[in-house]
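So this block is work-v5.txt, compact mmCIF, C-alpha atoms:
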# COMPACT_ATOMS: atom_id res chain seq x y z
CA MET A 232 0.00 0.00 0.00
CA THR A 233 2.41 2.63 -1.20
CA GLY A 234 2.62 5.51 -3.65
CA PRO A 235 1.16 9.00 -3.98
CA GLY A 236 -1.95 7.70 -5.75
CA TRP A 237 -3.07 5.98 -2.56
CA THR A 238 -2.96 9.08 -0.40
CA GLN A 239 -4.50 11.28 -3.08
CA ALA A 240 -7.29 8.76 -3.41
CA TYR A 241 -7.89 8.66 0.34
CA ALA A 242 -7.86 12.44 0.40
CA TRP A 243 -10.01 13.09 -2.69
CA ALA A 244 -11.93 10.05 -3.74
CA PHE A 245 -15.04 10.33 -1.62
CA LEU A 246 -14.76 14.07 -1.04
CA GLY A 247 -15.81 15.36 -4.45
CA LEU A 248 -12.64 17.45 -4.60
CA GLY A 249 -9.70 17.69 -6.96
CA PRO A 250 -7.17 20.17 -8.29
CA GLY A 251 -8.76 22.76 -10.55
CA PRO A 252 -12.28 23.32 -11.89
CA SER A 253 -14.15 20.87 -14.07
CA HIS A 254 -15.95 21.46 -17.35
CA HIS A 255 -17.68 18.09 -17.48
CA HIS A 256 -21.42 17.96 -16.85
CA HIS A 257 -22.31 14.31 -16.55
CA PHE A 258 -21.80 11.48 -14.10
CA PRO A 259 -19.96 8.35 -15.23
CA SER A 260 -22.17 5.30 -14.92
CA HIS A 261 -19.90 3.60 -12.40
CA PHE A 262 -20.09 6.44 -9.88
CA SER A 263 -22.84 7.37 -7.49
CA VAL A 264 -23.44 10.40 -5.33
CA ILE A 265 -24.77 10.01 -1.82
CA GLY A 266 -26.80 13.13 -1.14
CA ARG A 267 -27.23 14.40 2.40
CA LYS A 268 -29.03 17.26 4.03
CA PRO A 269 -26.81 20.34 4.43
CA ASN A 270 -24.65 20.44 7.55
CA ARG A 271 -25.84 23.46 9.49
CA ARG A 272 -23.59 23.16 12.53
CA LEU A 273 -20.74 25.19 11.13
CA GLU A 274 -22.40 26.61 8.04
CA THR A 275 -24.99 28.63 9.95
CA LYS A 276 -22.19 30.08 11.99
CA THR A 277 -19.78 30.72 9.14
CA SER A 278 -21.91 30.62 5.96
CA VAL A 279 -19.32 28.57 4.11
CA ALA A 280 -21.63 26.64 1.76
CA ALA A 281 -21.21 29.07 -1.13
CA ALA A 282 -18.40 31.26 0.19
CA ALA A 283 -15.37 32.27 -1.83
CA ASP A 284 -11.98 30.78 -0.95
CA ASP A 285 -10.84 33.82 1.01
CA THR A 286 -14.04 33.77 3.04
CA LYS A 287 -13.56 30.07 3.74
CA SER A 288 -10.06 30.82 5.00
CA SER A 289 -11.37 33.39 7.44
CA CYS A 290 -14.03 30.87 8.53
CA LEU A 291 -11.37 28.24 9.18
CA SER A 292 -9.41 30.65 11.34
CA ARG A 293 -12.47 30.99 13.61
CA VAL A 294 -13.52 27.34 13.87
CA TRP A 295 -10.24 25.49 13.47
CA ARG A 296 -10.54 23.78 16.86
CA GLU A 297 -13.78 22.08 15.81
CA ILE A 298 -12.24 21.10 12.48
CA GLN A 299 -9.27 19.62 14.37
CA GLY A 300 -11.63 17.48 16.45
CA SER A 301 -12.27 19.36 19.69
CA GLY A 302 -15.84 18.04 19.61
CA ASP A 303 -14.89 14.64 18.17
CA TRP A 304 -16.22 15.83 14.79
CA SER A 305 -19.80 15.54 16.01
CA ASP A 306 -22.16 16.49 13.15
CA LEU A 307 -19.18 17.16 10.87
CA VAL A 308 -18.75 13.70 9.34
CA GLU A 309 -22.35 12.75 8.52
CA PRO A 310 -22.65 14.70 6.30
CA LEU A 311 -19.08 15.74 5.70
CA ASP A 312 -18.56 19.41 6.48
CA SER A 313 -17.02 21.42 3.63
CA LEU A 314 -14.21 22.88 5.74
CA LEU A 315 -13.30 19.48 7.17
CA ARG A 316 -13.41 18.04 3.66
CA ALA A 317 -10.89 20.64 2.49
CA GLU A 318 -8.60 20.01 5.46
CA ILE A 319 -8.56 16.26 4.83
CA VAL A 320 -7.50 16.95 1.25
CA ARG A 321 -4.86 19.46 2.39
CA TYR A 322 -3.24 17.10 4.88
CA GLY A 323 -3.51 14.25 2.40
CA GLU A 324 -1.37 16.29 0.02
CA PHE A 325 1.32 16.67 2.68
CA VAL A 326 1.40 12.88 3.10
CA SER A 327 1.46 12.41 -0.66
CA ALA A 328 4.54 14.64 -0.74
CA CYS A 329 6.42 11.96 1.19
CA TYR A 330 5.95 9.51 -1.67
CA LYS A 331 6.79 12.06 -4.35
CA ALA A 332 10.04 12.93 -2.58
CA PHE A 333 11.03 9.35 -1.71
CA ASP A 334 13.79 7.96 -3.94
CA VAL A 335 13.00 4.43 -5.16
CA ASP A 336 15.68 4.34 -7.88
CA PRO A 337 18.16 1.57 -6.92
CA SER A 338 20.92 3.29 -8.91
CA SER A 339 20.56 6.56 -7.01
CA LYS A 340 22.89 7.63 -4.22
CA ARG A 341 19.78 8.67 -2.31
CA TYR A 342 18.02 5.33 -2.77
CA LEU A 343 15.34 4.84 -0.09
CA ASN A 344 15.92 8.35 1.21
CA CYS A 345 14.58 11.76 0.23
CA LYS A 346 15.50 12.96 -3.26
CA PHE A 347 15.59 16.63 -2.28
CA GLY A 348 17.16 18.90 0.28
CA ARG A 349 15.02 20.00 3.18
CA ASN A 350 14.74 23.62 2.06
CA SER A 351 13.53 22.72 -1.44
CA MET A 352 11.51 19.56 -0.87
CA LEU A 353 8.02 21.09 -0.94
CA ASP A 354 8.94 23.18 -3.97
CA ASN A 355 10.14 20.09 -5.84
CA VAL A 356 6.92 18.16 -5.20
CA GLY A 357 4.71 21.00 -6.39
CA MET A 358 3.77 22.42 -2.97
CA SER A 359 5.64 25.72 -2.99
CA SER A 360 2.43 27.56 -2.06
CA SER A 361 1.57 25.26 0.87
CA GLY A 362 2.50 27.88 3.43
CA TYR A 363 4.70 25.49 5.40
CA GLU A 364 8.46 25.25 5.95
CA VAL A 365 10.13 21.87 6.45
CA THR A 366 12.26 21.99 9.60
CA LYS A 367 13.52 18.42 9.91
CA TYR A 368 13.67 15.07 8.11
CA ILE A 369 12.78 11.95 10.09
CA TYR A 370 14.41 8.51 9.78
CA ALA A 371 13.30 5.20 11.26
CA THR A 372 14.28 1.56 11.42
CA PRO A 373 12.84 -1.51 13.13
CA ASN A 374 15.16 -3.63 15.24
CA ILE A 375 15.28 -6.46 12.71
CA SER A 376 18.48 -8.21 11.66
CA ILE A 377 18.14 -9.23 8.02
CA PRO A 378 20.04 -8.30 4.85
CA THR A 379 18.91 -4.79 3.94
CA GLN A 380 17.95 -3.45 0.56
CA SER A 381 21.00 -1.22 0.23
CA GLY A 382 24.23 -1.04 2.18
CA THR A 383 24.58 -1.48 5.93
CA CYS A 384 22.37 1.40 7.08
CA ARG A 385 18.89 0.16 8.02
CA SER A 386 17.46 3.58 8.87
CA ARG A 387 15.32 5.10 6.13
CA TRP A 388 13.62 8.43 5.51
CA VAL A 389 10.00 8.13 6.63
CA GLY A 390 8.76 11.71 6.68
CA TYR A 391 9.30 15.25 7.81
CA VAL A 392 8.39 17.95 10.31
CA ALA A 393 7.07 21.28 9.04
CA VAL A 394 5.60 24.42 10.52
CA SER A 395 3.17 26.95 9.06
CA SER A 396 4.46 30.37 8.06
CA ASP A 397 3.21 33.60 9.63
CA GLU A 398 0.88 34.19 6.67
CA GLU A 399 -0.48 30.65 6.71
CA ALA A 400 -0.90 30.82 10.48
CA ARG A 401 -3.14 33.85 10.03
CA ARG A 402 -5.15 32.03 7.36
CA ILE A 403 -5.78 28.88 9.39
CA GLY A 404 -6.05 30.59 12.77
CA ARG A 405 -3.03 29.12 14.51
CA ARG A 406 0.59 28.07 14.19
CA ASP A 407 0.42 24.49 12.94
CA VAL A 408 3.27 22.11 13.74
CA LEU A 409 2.94 19.26 11.25
CA VAL A 410 4.54 15.81 11.08
CA THR A 411 3.85 13.53 8.12
CA PHE A 412 4.84 9.92 7.45
CA ARG A 413 4.87 7.67 4.38
CA GLY A 414 3.75 4.05 4.31
CA THR A 415 5.63 0.77 4.03
CA VAL A 416 8.38 0.40 1.43
CA THR A 417 11.46 -1.46 2.70
CA ASN A 418 11.88 -5.15 3.55
CA THR A 419 12.35 -4.49 7.26
CA GLU A 420 9.27 -2.26 7.35
CA TRP A 421 7.17 -5.03 5.80
CA ILE A 422 8.44 -7.47 8.42
CA ALA A 423 7.64 -4.96 11.18
CA ASN A 424 4.08 -4.71 9.88
CA PHE A 425 3.57 -8.40 10.54
CA MET A 426 5.03 -8.36 14.06
CA THR A 427 1.52 -8.27 15.47
CA SER A 428 2.14 -9.34 19.07
CA LEU A 429 1.16 -6.70 21.63
CA ALA A 430 3.88 -5.18 23.82
CA PRO A 431 3.69 -2.58 26.62
CA ALA A 432 4.42 0.85 25.16
CA ARG A 433 6.42 1.99 28.23
CA LEU A 434 6.88 5.49 26.81
CA ASP A 435 6.44 7.35 30.11
CA PRO A 436 9.43 6.60 32.37
CA HIS A 437 7.51 7.79 35.44
CA ASP A 438 4.47 5.58 34.82
CA PRO A 439 5.07 2.67 32.39
CA ARG A 440 1.34 1.76 32.29
CA LEU A 441 1.95 -1.90 31.51
CA ASP A 442 -1.68 -2.38 30.51
CA VAL A 443 -1.26 0.04 27.58
CA LYS A 444 0.01 -2.15 24.75
CA VAL A 445 0.81 -1.55 21.08
CA GLU A 446 1.89 -3.64 18.12
CA SER A 447 5.50 -4.68 18.69
CA GLY A 448 6.54 -4.05 15.08
CA PHE A 449 5.31 -0.45 15.05
CA LEU A 450 6.86 0.14 18.48
CA SER A 451 10.20 -1.21 17.24
CA LEU A 452 10.10 1.08 14.22
CA TYR A 453 9.32 4.04 16.47
CA THR A 454 11.89 3.41 19.21
CA SER A 455 14.84 1.57 17.60
CA ASP A 456 18.10 3.34 16.81
CA ASP A 457 20.54 2.66 13.98
CA SER A 458 23.93 4.10 14.89
CA THR A 459 25.38 3.13 11.50
CA CYS A 460 23.22 5.62 9.60
CA ARG A 461 24.79 8.98 8.85
CA PHE A 462 21.41 10.67 8.43
CA SER A 463 19.57 9.84 11.63
CA GLN A 464 20.34 11.14 15.09
CA GLY A 465 18.84 8.65 17.49
CA SER A 466 15.62 6.71 17.12
CA CYS A 467 12.60 7.96 15.23
CA ARG A 468 11.08 8.80 18.59
CA GLU A 469 14.12 10.74 19.81
CA GLN A 470 14.31 12.75 16.59
CA LEU A 471 10.63 13.66 16.75
CA LEU A 472 10.43 14.54 20.44
CA SER A 473 13.54 16.69 20.16
CA GLU A 474 12.25 18.63 17.14
CA LEU A 475 8.74 19.07 18.53
CA SER A 476 10.16 20.32 21.83
CA ARG A 477 12.34 22.79 19.95
CA LEU A 478 9.43 24.13 17.91
CA LEU A 479 7.10 24.38 20.90
CA ASN A 480 9.76 26.35 22.75
CA LYS A 481 10.19 28.64 19.75
CA TYR A 482 6.48 29.20 19.17
CA LYS A 483 5.14 29.65 22.66
CA ILE A 484 1.55 28.63 23.34
CA ASP A 485 1.03 31.55 25.73
CA GLU A 486 1.85 33.95 22.89
CA GLU A 487 -0.12 32.43 20.00
CA GLU A 488 -2.53 29.61 19.17
CA ILE A 489 -0.69 26.38 18.33
CA SER A 490 -1.85 23.02 17.01
CA ILE A 491 0.03 19.76 16.54
CA THR A 492 -1.11 17.83 13.48
CA LEU A 493 0.21 14.36 12.66
CA ALA A 494 -0.66 12.73 9.35
CA GLY A 495 0.33 9.44 7.76
CA HIS A 496 -0.64 6.71 5.37
CA SER A 497 -0.79 3.00 6.28
CA MET A 498 2.29 2.28 8.41
CA GLY A 499 2.84 6.03 8.62
CA SER A 500 -0.51 6.51 10.32
CA SER A 501 0.63 4.06 13.01
CA LEU A 502 3.75 6.13 13.63
CA ALA A 503 1.59 9.26 13.74
CA LEU A 504 -0.67 7.74 16.40
CA LEU A 505 2.26 6.48 18.48
CA LEU A 506 3.79 9.95 18.37
CA ALA A 507 0.49 11.57 19.31
CA TYR A 508 0.11 9.28 22.32
CA ASP A 509 3.75 9.78 23.32
CA VAL A 510 3.60 13.59 23.16
CA ALA A 511 0.33 13.68 25.10
CA GLU A 512 1.48 11.17 27.72
CA LEU A 513 4.62 13.21 28.38
CA SER A 514 2.65 16.50 28.26
CA LEU A 515 5.12 17.89 25.72
CA ASN A 516 2.27 19.58 23.86
CA LYS A 517 1.88 22.08 26.70
CA GLY A 518 -1.86 22.23 26.13
CA ALA A 519 -1.75 22.45 22.34
CA PRO A 520 -4.39 20.21 20.74
CA ILE A 521 -3.10 17.06 19.03
CA THR A 522 -4.86 15.75 15.93
CA VAL A 523 -4.04 12.70 13.80
CA TYR A 524 -5.19 12.40 10.19
CA SER A 525 -4.89 8.69 9.43
CA PHE A 526 -5.15 7.55 5.79
CA GLY A 527 -5.69 3.81 5.45
CA GLY A 528 -4.25 3.06 8.87
CA PRO A 529 -4.23 -0.28 10.72
CA ARG A 530 -5.03 -0.82 14.38
CA VAL A 531 -2.10 0.15 16.59
CA GLY A 532 -2.85 -0.90 20.16
CA ASN A 533 -5.20 -2.61 22.55
CA LEU A 534 -8.32 -1.34 24.28
CA ALA A 535 -6.28 0.24 27.10
CA PHE A 536 -4.27 2.15 24.49
CA LYS A 537 -7.49 3.40 22.89
CA ARG A 538 -8.91 4.50 26.23
CA ARG A 539 -5.68 6.21 27.26
CA CYS A 540 -5.55 8.15 23.98
CA GLU A 541 -9.12 9.27 24.58
CA ALA A 542 -8.33 10.29 28.16
CA LEU A 543 -5.37 12.34 26.89
CA ARG A 544 -7.66 14.00 24.32
CA VAL A 545 -5.71 12.75 21.33
CA LYS A 546 -8.05 13.29 18.37
CA VAL A 547 -7.89 10.84 15.49
CA LEU A 548 -9.75 11.07 12.18
CA ARG A 549 -9.42 7.77 10.30
CA VAL A 550 -10.03 8.02 6.56
CA VAL A 551 -10.51 4.45 5.35
CA ASN A 552 -11.39 2.52 2.22
CA VAL A 553 -13.88 -0.08 3.44
CA ASN A 554 -12.31 -2.64 1.08
CA ASP A 555 -8.75 -2.02 2.25
CA PRO A 556 -7.54 -5.03 4.31
CA VAL A 557 -4.87 -2.93 6.05
CA THR A 558 -7.56 -0.98 7.93
CA LYS A 559 -8.96 -4.25 9.30
CA ILE A 560 -5.72 -5.57 10.82
CA PRO A 561 -4.32 -6.43 13.28
CA GLY A 562 -7.40 -7.77 15.02
CA LEU A 563 -9.35 -8.95 12.01
CA VAL A 564 -11.44 -11.19 14.28
CA LEU A 565 -10.67 -10.15 17.85
CA ASN A 566 -11.03 -6.39 18.02
CA GLU A 567 -12.89 -3.51 19.70
CA LYS A 568 -16.25 -5.22 19.12
CA PHE A 569 -15.48 -7.69 21.92
CA ASN A 570 -14.36 -5.13 24.48
CA TRP A 571 -11.57 -7.42 25.74
CA PRO A 572 -8.32 -5.96 27.14
CA SER A 573 -6.19 -8.27 24.98
CA CYS A 574 -7.89 -7.27 21.72
CA TYR A 575 -6.73 -4.66 19.24
CA ALA A 576 -8.90 -1.54 19.02
CA HIS A 577 -9.16 1.33 16.55
CA VAL A 578 -8.83 4.85 17.96
CA GLY A 579 -10.87 7.81 16.79
CA VAL A 580 -13.64 8.69 14.34
CA GLU A 581 -13.97 6.88 11.03
CA VAL A 582 -14.71 8.44 7.64
CA LYS A 583 -15.46 5.77 5.03
CA LEU A 584 -14.94 5.60 1.29
CA ASP A 585 -15.64 2.67 -0.98
CA PHE A 586 -13.90 1.51 -4.18
CA PHE A 587 -14.80 -1.81 -5.75
CA LYS A 588 -15.66 -3.60 -9.00
CA MET A 589 -13.51 -1.35 -11.14
CA LYS A 590 -12.34 -2.80 -14.48
CA ASP A 591 -8.68 -2.91 -13.46
CA PRO A 592 -8.26 -4.59 -10.05
CA SER A 593 -4.80 -3.08 -9.50
CA PRO A 594 -5.07 -0.76 -6.47
CA HIS A 595 -2.80 1.91 -7.98
CA VAL A 596 -4.71 1.93 -11.30
CA THR A 597 -8.08 1.82 -9.53
CA TYR A 598 -7.29 4.84 -7.40
CA ARG A 599 -5.84 6.84 -10.28
CA ILE A 600 -8.98 6.19 -12.38
CA ALA A 601 -11.20 7.09 -9.44
CA ILE A 602 -9.41 10.36 -8.82
CA ARG A 603 -9.64 11.35 -12.48
CA LYS A 604 -13.37 10.55 -12.67
CA ILE A 605 -14.12 12.37 -9.44
CA ILE A 606 -12.36 15.47 -10.67
CA GLN A 607 -14.58 15.30 -13.77
CA VAL A 608 -17.82 15.26 -11.76
CA ARG A 609 -16.77 17.88 -9.26
CA SER A 610 -18.79 20.75 -10.72
CA THR A 611 -22.07 18.85 -10.86
CA ALA A 612 -21.94 17.11 -7.48
CA PRO A 613 -24.09 18.71 -4.76
CA LYS A 614 -22.03 20.66 -2.24
CA ASP A 615 -22.91 18.30 0.60
CA ALA A 616 -22.63 15.08 -1.38
CA ILE A 617 -20.01 12.41 -0.99
CA VAL A 618 -18.81 10.94 -4.28
CA ILE A 619 -17.79 7.29 -4.15
CA ALA A 620 -17.02 4.57 -6.65
CA THR A 621 -19.59 1.82 -7.01
Once you've parsed the file, please lay out its structure as structure tokens.
Amino acid sequence: MTGPGWTQAYAWAFLGLGPGPSHHHHFPSHFSVIGRKPNRRLETKTSVAAAADDTKSSCLSRVWREIQGSGDWSDLVEPLDSLLRAEIVRYGEFVSACYKAFDVDPSSKRYLNCKFGRNSMLDNVGMSSSGYEVTKYIYATPNISIPTQSGTCRSRWVGYVAVSSDEEARRIGRRDVLVTFRGTVTNTEWIANFMTSLAPARLDPHDPRLDVKVESGFLSLYTSDDSTCRFSQGSCREQLLSELSRLLNKYKIDEEEISITLAGHSMGSSLALLLAYDVAELSLNKGAPITVYSFGGPRVGNLAFKRRCEALRVKVLRVVNVNDPVTKIPGLVLNEKFNWPSCYAHVGVEVKLDFFKMKDPSPHVTYRIAIRKIIQVRSTAPKDAIVIAT
């Protein structure tokens, strides 16, 4: 489950959104539109249904806490609120940038690392107007001893930390500290995905909370260190906590509004959730709200982990394809439905999309076709409709 097409599909496919206007005025036969009554919760307050882009920006600056999940997205998902829809797409693009920047050319000196320098990465992937500045690259490796795909270094580039500019902060209503992660690519990452035994997280040295357990493979990827790698400085966890602490000391919460947004696809969404829990458990956020945008993410921990995340007010919006097996594991059979401490449990609020019975069964081709068709029907879809493939 890799590649930019996956994250673009998760971000656009059921949202009725795409880059640029459409001049097509018909619906393809294999698409349907689920019409809903207009969402009045935010629209009566902000009148965003037919507002221009600049008006929508000013609306977002006033209601960003609700969009980031302060009310657990009550009345914003069914039907999908237009501002939330746009934010899902926006954060999906940041995750997609990870794939666009990731070097998968075996002959390249940067193989399995980022193709671009930190200062030019967003420019090179077509996001120069994103309003964010990349502050740090993040590397990770699971503690698995097998022959690696290239050289002796097992640590690979998995994402980046970015922060919104002054202008973007005014547009969205706060200083946004963003961390994004890609999905599984390397051999060791695939092996980590299948290390499904639960292990105590033990991320708080003062209170290990042995009942709070997470998937051992994801935990290994998050906490293991590879001293042979010239890029990384400590484990994925150490890199992230150090950079987030630096940024939260630079942009002080008593001087301006700050949010922490973590976004990832597949394996990357697991790292995002682990980081969210870790930051909240250690109170490193200093009161700043923490939101996770999960695209096609698996279950990460047990029921105690889910409850602890909820108690810490970690907000998670899970964008899932109902036919994606990754979102159903671990815990395909024994999961949150049984309410057992030893079972895996999803965290957060789910937003569903549905692709199936397309002519080409290849996931990459299916999602690319779906995106293209959805862009075509954008202008004729009702504002509060959700476009899905059928």
field: For CA of Thr366 (chain A) and CA of Pro529 (chain A), the interatomic separation in Å (one decimal)
entry: 27.7 Å
Of the listed residues A:Asn552, A:Gly448, A:Asn350, A:Gly323, that which approaches Trp421 (chain A) most closely, counting all atoms listed in the file: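 Going through A:Asn552, A:Gly448, A:Asn350, A:Gly323 one by one, the smallest distance to Trp421 (chain A) is for A:Gly448.
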query: Counting only C-alpha atoms, which of A:Glu446, A:Asp312, A:Asp334, A:Asp456 gets nearest to Phe536 (chain A)?
result: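 Checking each of A:Glu446, A:Asp312, A:Asp334, A:Asp456 against Phe536 (chain A), counting only C-alpha atoms, the winner is A:Glu446.
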- prompt: Ala328 (chain A): which residues within 9 Å, counting all atoms listed in the file, same-chain residues fewer than 3 positions away excluded, as a PyMOL selection string?
  reply: chain A and resi 235+323-325+331-333+352-353+356-358+411+413
Deliver the residues from the most recent selection as a file, using C-alpha atoms, as an mmCIF file, in the coordinates of the input.
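Heads up, here's the output in out-v2.cif:
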data_model
loop_
_atom_site.group_PDB
_atom_site.id
_atom_site.type_symbol
_atom_site.label_atom_id
_atom_site.label_comp_id
_atom_site.auth_asym_id
_atom_site.auth_seq_id
_atom_site.Cartn_x
_atom_site.Cartn_y
_atom_site.Cartn_z
ATOM 1 C CA PRO A 235 1.160 9.000 -3.980
ATOM 2 C CA GLY A 323 -3.510 14.250 2.400
ATOM 3 C CA GLU A 324 -1.370 16.290 0.020
ATOM 4 C CA PHE A 325 1.320 16.670 2.680
ATOM 5 C CA LYS A 331 6.790 12.060 -4.350
ATOM 6 C CA ALA A 332 10.040 12.930 -2.580
ATOM 7 C CA PHE A 333 11.030 9.350 -1.710
ATOM 8 C CA MET A 352 11.510 19.560 -0.870
ATOM 9 C CA LEU A 353 8.020 21.090 -0.940
ATOM 10 C CA VAL A 356 6.920 18.160 -5.200
ATOM 11 C CA GLY A 357 4.710 21.000 -6.390
ATOM 12 C CA MET A 358 3.770 22.420 -2.970
ATOM 13 C CA THR A 411 3.850 13.530 8.120
ATOM 14 C CA ARG A 413 4.870 7.670 4.380
#
- prompt: Between A:Arg406, A:Arg530, A:His496, A:Lys546, which is the closest to Tyr508 (chain A) once you count only C-alpha atoms?
  reply: A:Lys546
I'd like the box whose edges run along x, y and z of the file and which contains every listed atom of region 323-338 of chain A, padded by 4 Å per side; could you state its centre and edge lengths in Å, one decimal, as lines of an AutoDock Vina configuration file?
center_x = 8.7
center_y = 9.1
center_z = -2.9
size_x = 32.4
size_y = 23.1
size_z = 20.0
field: Distance query Leu409 (chain A) at most 9 Å, all atoms listed in the file, self and fewer than 6 positions along chain excluded, as an MDAnalysis selection string
entry: chainID A and resid 363 391:395 490:494
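When CA of Asp435 (chain A) is paired with CA of Leu513 (chain A), their separation reads 6.4 Å.
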- request: Work out how far CA of Leu307 (chain A) is from CA of Leu565 (chain A), in Å to one decimal.
  value: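 For CA of Leu565 (chain A) relative to CA of Leu307 (chain A), the distance reads 29.4 Å.
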